[in-house]
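**Q** Mind looking over this structure? Questions follow.
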Amino acid sequence: MILIKKSKFDFLGLTDILNEHKGQGKKILLLSVNELKKKYKGAALGSVWAVIKPSFTLFILWFAFSIGIRASGNVNGFPRFIFMLTGYVPWFFISENIIGGSRCIRLNRQFVTKLSFPVSNIMTFTSFATLYVHLLLCVIMYVVLLCFGYGPSIYNLEFFYYCPMMFLFFLVLSWATAPLSAFSKDFENLVNSIITGLCWLSGIFWNTYEIENPVLKTLMYFNPINYFVNGYRKAFLYDQFIFDSNYTTETVVFFGELIVLIFVGSHYYKKLRKILPDIL
């Protein structure tokens, strides 16, 4: 009876992924640093470009909405630049993780085809490489917010909930997207095609809580990107608790999506893992 239950659980692939990570912590961290260096190899400033690129975008946003387009006004009572800043920083991590996570197996095919390597670790060290940049951007964001008079606050500690949950969610997502992208180049192109649309649909530049249509407002609860963007604003702007009763629905929906994604992602990983060497 125990063996039957174990085989059913293994079918979902979660056991395989967890076993592949046992004793691999140090190796994953080293590979994540190497991944960051490899991405900017050949550039004089090296990995510094990982911070320069989004920082330059933030400067453009500040100049455009603080100097150039003053008529744009406030959003939800906050200067538009500040509002967009707290949405763009998590979005940059999310977009880099979605795109990088989907193509990470194809870009690191040597670990699949030539070595006996736990393939699920590829998604993990790729996500960690993105996380390092995100943490640096969060420091820059927080300094800017302090300069504008926002914080420090006890609510800022909510960052230590939203950031790990965001990392976990999009890591789990890559369990499915990375093998699928390795299997089909069309799937990778699809991911690249929808990323801009996700940006505009996820409240990066506008307040989703102001949607008047009740149906559309409910649908936004099913957008996990929206959950994290609003979460960062709760932590740094709104001064609202994570589990505020007014936002119970979106929290319940998020955890429901995360649980489903864990089993769906691990299932697709297990299903496609064995044929990846032949595909690549």
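In the structure tokens, the first chain shown is A, the next is B, and so on; residue numbers restart at 1 for each chain, and ligands run from 1 in the order shown.
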If we count only C-alpha atoms and set the cut-off at 12 Å, which residues sit around Cys147 in chain A, ignoring sequence neighbours fewer than 6 positions away in its own chain? Please answer as a PyMOL selection string.

**A** chain A and resi 82+140-141

**Q** Choose the residue, out of A:Leu157, A:Val33, A:Val112, A:Ile94, that has the smallest atom-to-atom separation from Asp239 in chain A; count only C-alpha atoms.

**A**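 Looking at the shortest contact to Asp239 in chain A, the residue is A:Leu157.
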
**Q** For Gly13 in chain A, which residue out of A:Ile154, A:Ala176, A:Leu258, A:Leu36 is the nearest one, using only C-alpha atoms?

**A** A:Ala176

**Q** Which one of A:Ile211, A:Leu261, A:Leu61, A:Cys138 sits closest to Trp175 in chain A if you count only C-alpha atoms?

**A** A:Leu261

**Q** Could you pull out all residues of range 36-227 of chain A with a DSSP call of helix (DSSP H, G or I) and give them as a ChimeraX atom specification?

**A** /A:36-39,46-68,70-72,80-107,110-113,120-147,154-183,185-201,208-210,214-220,224-227

**Q** Quick one: pull the distance between CA of Gly151 in chain A and CA of Val139 in chain A, Å, one decimal.

**A**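 Taking CA of Gly151 in chain A and CA of Val139 in chain A, their separation equals 13.1 Å.
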
**Q** When you look at Pro277 in chain A with a cut-off of 9 Å (counting only C-alpha atoms), what residues show up, excluding the ones that are within fewer than 5 positions of it in the same chain? I need them as number ranges by chain.

**A** A: 109, 112-114

**Q** For Ile105 in chain A, find every residue with an atom within 7 Å (counting only C-alpha atoms), except residues of its own chain fewer than 5 positions away, and show them as a ChimeraX atom specification.

**A** /A:122,178-179,182

**Q** Could you list, as an MDAnalysis selection string, every residue within 7 Å of range 95-98 of chain A, counting only C-alpha atoms and ignoring same-chain residues fewer than 5 positions away?

**A** chainID A and resid 127 130 170 195

**Q** Calculated over only C-alpha atoms, which of the candidates A:Tyr227, A:Phe205, A:Phe169, A:Tyr247 has the smallest distance to Asn74 in chain A?

**A**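 Checking each of A:Tyr227, A:Phe205, A:Phe169, A:Tyr247 against Asn74 in chain A, counting only C-alpha atoms, the winner is A:Phe205.
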
**Q** Within 12 Å of Glu20 in chain A, counting only C-alpha atoms, which residues qualify if same-chain residues fewer than 5 places away don't, as a count of residues only?

**A** 16

**Q** With distances taken over only C-alpha atoms, which residue among A:Leu198, A:Ile259, A:Phe222, A:Phe125 lies nearest Gln24 in chain A?

**A**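 Distance minimum relative to Gln24 in chain A lands on A:Phe125.
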